[in-house]
Every structure is written in C-alpha cells, then in structure tokens.
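Here's the structure, in structure tokens; my notes come after.
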Protein chains: 2
Amino acid sequence: MAGMNDRAQSGAKLTAGPSAQTRRVMSGCLREFVEAVVSGEFAEGSTLPVEAALLDRFAVSRTTLRETMQYMVAQGLIRSRPRAGTVVQPRASWNMLDPMVLETAMGRPQDASFYWALLEAREVLEPAATRLAAQSSDNSALMKVAEAFDAMAEAGGRESEDWSDSDLAFHTAILQASGNWVFAQFGIAIRAALLTSFRKTNRASQSFDEAIAMHRAVMEAIRMRRPDDAEAGMRALIALARHDLEAALAAEAAAPAALGKETP
Amino acid sequence: MAGMNDRAQSGAKLTAGPSAQTRRVMSGCLREFVEAVVSGEFAEGSTLPVEAALLDRFAVSRTTLRETMQYMVAQGLIRSRPRAGTVVQPRASWNMLDPMVLETAMGRPQDASFYWALLEAREVLEPAATRLAAQSSDNSALMKVAEAFDAMAEAGGRESEDWSDSDLAFHTAILQASGNWVFAQFGIAIRAALLTSFRKTNRASQSFDEAIAMHRAVMEAIRMRRPDDAEAGMRALIALARHDLEAALAAEAAAPAALGKETP
DNA sequence: CCCTCAAATAAATACTATCTTTAACTTAAT
DNA sequence: ATTAAGTTAAAGATAGTATTTATTTGAGGG
C-alpha cells in the first residue's frame, strides 16, 4: 500500500522556533498557516482553498493539516463546516493572547501603537494586582517573586537575555501572587507580548542600579504588607517602562536599519 | 495588527466564542477529555495513558483523538513528547479563558471565589476601558454600544436570556470601543465567564428600570466625551453587579441547588 | 564502581487511502 | 414562483503503516 513514500518532505527544517515547545514538523505548518492568515494572504471573511489545495500548499499530510486547522479553530482564526468550506473569521474574534498567534503577528513590522496599548493595559492591571499581592499573597507565591528578583540581580546588566527573562518572571510572579485567577491568566496569556516588549525596551535603558532598586522596593512592599507602597512602586516601574519605550522607539526611528553592523 | 480593525461583522450573530457550535463527534470527545482533566481523573503532572488506551477510553479514531489532543495542547492542558508520553500540565498553565475549558470548569460545583475574582478584575479593567472609550471611541464602536443598549431595553425584564446576552454585548462593545487591543481581547476571552456570571446575578436582581438608567448614563457619558462620568458610571454598574452577586450567592446558600430534596 | 557512549525500544509523530456525514446547490414538480 | 427532493462537493471520521524522537539499557572503558 502506502509503502513507498515518494514525497520528500524537503526542508521543513526552518522551524527556528525560539519559544519553548513544539519545534516539530507540524508547528512549521502551523506557523506558516497562521502567518498566511495574519498577513492577509487569506483575508478575513474569505473562504480559503479546499483541503486538497492546502495539502499541496503546505506539503503536509491530511492528518497534520487537520491538526493544524484544529489549533486554529481553537484560537478563533478559522471556522469550517462541511460542504460550505473553511472561512477566515473576523480579526476581532481571533485570540491574540495565544502565544503562537501573537508571536506570528509580532514577527511582522510592528505598529508602535501595539506597544503603547500593552503598556496602557499594564498601567491598569499591574498596580491593582500588586496591591492585591501585598494584601493577600501566600509565602510560596512570595518566594517566586523573590527568586525572580534574585535572577534579575544576577543577570548583571539590562541588555542581557537573562534580564528580560527574569524581568518577565518577576512581573508574572506578582500577577500570580495576586491570588486572582483573572490576573494570573493575563500573565500567562500575555507572556509573548511582554517578552517582546521587554527585549525592545531593556536594550534602551541605562540605569541598572536604579531598576534593581525599584524592583526591590516593590518586592519589599509586598513582603511587608504595604499595599499603598506596593501599588505606587509598581506604577513607578511601569512609568520607567514607558520612558524606556519612548527611548527605544525614538532610537528605532533614528536608525531604522539595525541589521547588525554599527556605524560609529 | 495593532489597529484591531473590527470589520462590520455583519450578521451580528453573537456566536459565543470560537468553539461555539461544532456539535460534531469530536467535540464530544473533547468535552469528555477536558472534563476528565479538570475533574482530576487525570491529575496534574501525571502521565496519562498511552494513545491506544485513550482510543479505547473515548471510542474514537486516532485522527479524532489527535485533533482533540491538539486542541488541548493549544490551551496548555497537556504536553506530549515522543517516547516520554503525554503529561497533564500544572493548573497554572491552563488557559482558563478558553470557552471550552472555562465552561467545563464551571460545569462543576463552582467555588464562589471564582465569581469574586472575576468581579474584582472587572472593577479594575472596565472603568479604565470605559474612560478610554469616552476619550477616543469612533462612531462605529459607539453604535455597537447603542445597539446593545437598545437590545437590553427591549429585553423587557432582567430575568430573560435576552437581557444576559445584550448585557454581555454592552460590556463587550465598550471594551472594544476603548481602542486598546488588550482590553478588547479580554472581552472576547472572558465571554463565557461573564455570561455565566450574568446569568447567575441577573436572576437575583429586582430593579430593571434602575439598571437601564445606569447603563444609559454610561452610554451617554461616552457619547458626550465625559471620561470622568463614564468611569464613575461604570464603577456604579459594577457595584450593582457586586450587590447582585452577594444576593445571588446568599439565595443559593439558603436553597442549595435545584436538584433533589434538601434537609437543612 | 562509576562514567560514557551506543544500541534497543516505546511512545508520539506523520503519511496514505477510504468511507461517512453534512449542507449547499440543482432540478423538477406543484 | 415556491417548495421539495435529489445531487454532489466539501469537511468529518476511520484504518493501517511508516518515521522520529528520546528514554532505557547495556557494554565497554576509565
């Protein structure tokens, strides 16, 4: 029967998946497919090609394609019914909080307003979550915050990848420590967006010592059960992030290339 | 993408989330499987049975099972690697905002703290989003708010399903109108949770006229570009929701469940 | 006795082929 | 013109087999 597999799955290796899991074959198809939707190649509201055509387009098997599409259905990108075909859902119903979708969307030239909106939301959410954490966090949650803080201190400088990672861990740990499942979920869902944002802004920052001091202040305020101080400290932290983002975007505007070689 | 371009979305189907329908065979398997995980039959951190055993357990084909599992991978419920097997991820990494997961989780005896946390989050998010809407919403977004309001008025009474639906539409429309993609996403993601909450609380409320008046006040404040009033109005609205929730939970405690005789 | 590296192996991953169900479209009869 | 029945295209579901991957295990060397 199916014995001779005469189709070579040529070069499905370009996964280069920086994020955690699934650097497998299917994820390549998924990435490509999501990219095609996000980029508008398959426009919102349009019916996309029949299965057979997609099979050819992505050079994968039926099973793999269906698994891929199931993932996309799960994120509200597409919706398919027998005979009617599969249609791309309106953008408003996409789950942009899904790491895969978000990452793909951020892979393309990013509108600056994306980052401003994220910051705006953080200004609302994080101070509130920090206040809650100061009021009612348990010990184990507090320990995670402390761990993240130590990792930041050890990172040595703000330009390193370690700093970005532990910075993310710090903020996520606080959201978790709030004890409110909605805030905690927000932290998980928004990982990809935060990390991208952190990478962008931290690069543009100078003051390692000051940043460390501010983070420590927030942690201490939570530990000492001082909600007002904790909330204020987080506000200050995000104000710093806002300042950094301004600087980063300004620098980007000044030198749009940034493809490696610096011209001193 | 930052535009979060919300097209006409003609039809106004109000299809509740991505996994709304799909009453196919697979969804039965998915529901059952998610239920098994949420209920703890497959405990967090444990390795679940091999594919063959699951095939037998759920009585579906391999393809169907794999599509099901792919959906669950997408929501962070499970994670599988060759040879190592499939393990249930820690609860903290589950995407509770997914309608399917949330619905299943809420199908079981619900901890009251679930609703309190949701309300707590709304108290933080919605006033802020409403303020933004008053500052910068465009006409089409405003129109959606008005449409939802009209639907509420027409619903006639607070106990009807129509009221719950349009109440949800009202709040979702405001989150959309904020122009911030994070808030808008929150609205989409939290649909299921909000709807369940609405259904619970609206039942316990008496004051239809007052509720309508308060909603109108918020809408007018947005339309008139008065951020302070809009924000205050939304706070009042959520305060009412808090009051209703207290009443609903109290009533529930007094007469636990509608299924079967109780001897207090 | 412990460490390293390579072969065996168990589990998920991927592919092909075929049958079933659904619902949009077509056609025919009222 | 409207409705009802039949046709058919597309997705949905199943079966069987081959391929990858990473854990185990076992042999050889330190």
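Residue names in the structure tokens use chain letters A, B, ... in the order shown, residue numbers from 1 in each chain, and ligand numbers from 1 in the order shown.
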
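For chain B placed onto chain A with an all-Cα least-squares superposition, the residual RMSD comes to 9.5 Å.
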
Tell me, counting only C-alpha atoms (C1' of nucleotides), for each residue of chain D within 12 Å of chain A, which pair of atoms is nearest and how far apart they are in Å to one decimal, in rows ordered by chain and increasing number, as JSON lines.
```
{"residue": "D:DT8", "atom": "C1'", "partner": "A:Arg83", "partner_atom": "CA", "distance": 9.3}
{"residue": "D:DA9", "atom": "C1'", "partner": "A:Arg83", "partner_atom": "CA", "distance": 6.0}
{"residue": "D:DA10", "atom": "C1'", "partner": "A:Arg83", "partner_atom": "CA", "distance": 3.9}
{"residue": "D:DA11", "atom": "C1'", "partner": "A:Pro82", "partner_atom": "CA", "distance": 4.1}
{"residue": "D:DG12", "atom": "C1'", "partner": "A:Pro82", "partner_atom": "CA", "distance": 7.5}
{"residue": "D:DA13", "atom": "C1'", "partner": "A:Thr63", "partner_atom": "CA", "distance": 11.2}
{"residue": "D:DT14", "atom": "C1'", "partner": "A:Thr63", "partner_atom": "CA", "distance": 11.8}
{"residue": "D:DG16", "atom": "C1'", "partner": "A:Ala2", "partner_atom": "CA", "distance": 9.3}
{"residue": "D:DT17", "atom": "C1'", "partner": "A:Ala2", "partner_atom": "CA", "distance": 7.3}
{"residue": "D:DA18", "atom": "C1'", "partner": "A:Gly3", "partner_atom": "CA", "distance": 7.4}
{"residue": "D:DT19", "atom": "C1'", "partner": "A:Asn5", "partner_atom": "CA", "distance": 10.5}
{"residue": "D:DT20", "atom": "C1'", "partner": "A:Arg24", "partner_atom": "CA", "distance": 9.8}
{"residue": "D:DT21", "atom": "C1'", "partner": "A:Arg24", "partner_atom": "CA", "distance": 10.2}
```

Take the residues from that selection and put them in a file with N, CA and C atoms (P, O5', C5', C4', C3', O3' and C1' of nucleotides), as a JSON list (two decimals), in the first residue's frame.
```json
[["chain", "number", "residue", "atom", "x", "y", "z"],
["D", 8, "DT", "P", -24.42, 14.21, -9.45],
["D", 8, "DT", "O5'", -23.59, 15.09, -8.40],
["D", 8, "DT", "C5'", -23.77, 16.52, -8.40],
["D", 8, "DT", "C4'", -22.91, 17.12, -7.30],
["D", 8, "DT", "C3'", -21.54, 16.46, -7.09],
["D", 8, "DT", "O3'", -20.60, 17.45, -6.78],
["D", 8, "DT", "C1'", -22.68, 16.46, -5.07],
["D", 9, "DA", "P", -19.21, 17.48, -7.57],
["D", 9, "DA", "O5'", -18.42, 18.60, -6.77],
["D", 9, "DA", "C5'", -19.07, 19.85, -6.49],
["D", 9, "DA", "C4'", -18.76, 20.26, -5.06],
["D", 9, "DA", "C3'", -17.31, 20.05, -4.63],
["D", 9, "DA", "O3'", -16.92, 21.15, -3.82],
["D", 9, "DA", "C1'", -18.71, 18.90, -3.15],
["D", 10, "DA", "P", -15.39, 21.61, -3.79],
["D", 10, "DA", "O5'", -15.04, 21.56, -2.24],
["D", 10, "DA", "C5'", -15.73, 22.40, -1.33],
["D", 10, "DA", "C4'", -15.94, 21.67, -0.02],
["D", 10, "DA", "C3'", -14.66, 21.14, 0.64],
["D", 10, "DA", "O3'", -14.22, 22.02, 1.66],
["D", 10, "DA", "C1'", -16.54, 19.65, 0.87],
["D", 11, "DA", "P", -12.96, 21.64, 2.58],
["D", 11, "DA", "O5'", -13.65, 20.98, 3.83],
["D", 11, "DA", "C5'", -14.47, 21.77, 4.68],
["D", 11, "DA", "C4'", -15.26, 20.89, 5.61],
["D", 11, "DA", "C3'", -14.45, 20.33, 6.78],
["D", 11, "DA", "O3'", -15.25, 20.36, 7.95],
["D", 11, "DA", "C1'", -15.39, 18.56, 5.56],
["D", 12, "DG", "P", -14.65, 19.89, 9.35],
["D", 12, "DG", "O5'", -15.13, 18.38, 9.46],
["D", 12, "DG", "C5'", -16.50, 18.10, 9.71],
["D", 12, "DG", "C4'", -16.69, 16.63, 10.02],
["D", 12, "DG", "C3'", -15.76, 16.06, 11.09],
["D", 12, "DG", "O3'", -16.55, 15.30, 12.01],
["D", 12, "DG", "C1'", -15.59, 14.77, 9.13],
["D", 13, "DA", "P", -15.87, 14.68, 13.32],
["D", 13, "DA", "O5'", -15.43, 13.23, 12.83],
["D", 13, "DA", "C5'", -16.44, 12.29, 12.49],
["D", 13, "DA", "C4'", -15.80, 11.02, 11.99],
["D", 13, "DA", "C3'", -14.73, 10.41, 12.91],
["D", 13, "DA", "O3'", -15.20, 9.17, 13.41],
["D", 13, "DA", "C1'", -14.07, 10.35, 10.62],
["D", 14, "DT", "P", -14.27, 8.29, 14.38],
["D", 14, "DT", "O5'", -13.61, 7.23, 13.39],
["D", 14, "DT", "C5'", -14.43, 6.52, 12.47],
["D", 14, "DT", "C4'", -13.58, 5.54, 11.66],
["D", 14, "DT", "C3'", -12.48, 4.83, 12.44],
["D", 14, "DT", "O3'", -12.61, 3.42, 12.28],
["D", 14, "DT", "C1'", -11.62, 5.75, 10.45],
["D", 16, "DG", "P", -7.44, -1.75, 10.83],
["D", 16, "DG", "O5'", -6.05, -1.52, 10.07],
["D", 16, "DG", "C5'", -6.05, -1.49, 8.65],
["D", 16, "DG", "C4'", -4.73, -0.95, 8.14],
["D", 16, "DG", "C3'", -3.51, -1.51, 8.88],
["D", 16, "DG", "O3'", -2.56, -1.95, 7.91],
["D", 16, "DG", "C1'", -3.39, 0.84, 8.79],
["D", 17, "DT", "P", -1.23, -2.75, 8.39],
["D", 17, "DT", "O5'", -0.09, -1.68, 8.04],
["D", 17, "DT", "C5'", -0.13, -1.01, 6.78],
["D", 17, "DT", "C4'", 0.91, 0.09, 6.77],
["D", 17, "DT", "C3'", 2.27, -0.32, 7.35],
["D", 17, "DT", "O3'", 3.29, 0.08, 6.46],
["D", 17, "DT", "C1'", 1.52, 1.70, 8.31],
["D", 18, "DA", "P", 4.75, -0.53, 6.65],
["D", 18, "DA", "O5'", 5.64, 0.79, 6.63],
["D", 18, "DA", "C5'", 5.33, 1.82, 5.69],
["D", 18, "DA", "C4'", 5.87, 3.14, 6.19],
["D", 18, "DA", "C3'", 7.30, 3.08, 6.71],
["D", 18, "DA", "O3'", 8.02, 4.18, 6.17],
["D", 18, "DA", "C1'", 5.91, 4.05, 8.35],
["D", 19, "DT", "P", 9.57, 4.34, 6.47],
["D", 19, "DT", "O5'", 9.65, 5.57, 7.49],
["D", 19, "DT", "C5'", 8.92, 6.76, 7.20],
["D", 19, "DT", "C4'", 9.11, 7.76, 8.32],
["D", 19, "DT", "C3'", 10.54, 7.90, 8.84],
["D", 19, "DT", "O3'", 10.83, 9.29, 8.94],
["D", 19, "DT", "C1'", 9.09, 7.51, 10.65],
["D", 20, "DT", "P", 12.36, 9.81, 9.08],
["D", 20, "DT", "O5'", 12.23, 10.75, 10.37],
["D", 20, "DT", "C5'", 11.40, 10.31, 11.37],
["D", 20, "DT", "C4'", 11.16, 11.34, 12.43],
["D", 20, "DT", "C3'", 12.39, 11.80, 13.19],
["D", 20, "DT", "O3'", 12.11, 13.05, 13.80],
["D", 20, "DT", "C1'", 11.12, 10.28, 14.53],
["D", 21, "DT", "P", 13.32, 13.87, 14.50],
["D", 21, "DT", "O5'", 13.12, 13.49, 16.04],
["D", 21, "DT", "C5'", 11.85, 13.74, 16.65],
["D", 21, "DT", "C4'", 11.81, 13.09, 18.02],
["D", 21, "DT", "C3'", 13.07, 13.31, 18.86],
["D", 21, "DT", "O3'", 12.65, 13.77, 20.12],
["D", 21, "DT", "C1'", 12.49, 11.03, 18.86]]
```

Contacts of DG29 (chain D) within 12 Å, only C-alpha atoms (C1' of nucleotides), excl. fewer than 4 positions in-chain, as a ChimeraX atom specification: /C:2-5

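Near chain A, the residues of chain C that fall inside 9 Å (using only C-alpha atoms (C1' of nucleotides)) are DT13, DA14, DC15, DT16, DA17, DT21, DT22, DA23 and DA24 of chain C.
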
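Using only C-alpha atoms, we find that the part of chain A lying within 6 Å of chain B comprises Glu67, Tyr71, Gly76, Ala92, Phe114, Ala117 and Asn180 of chain A.
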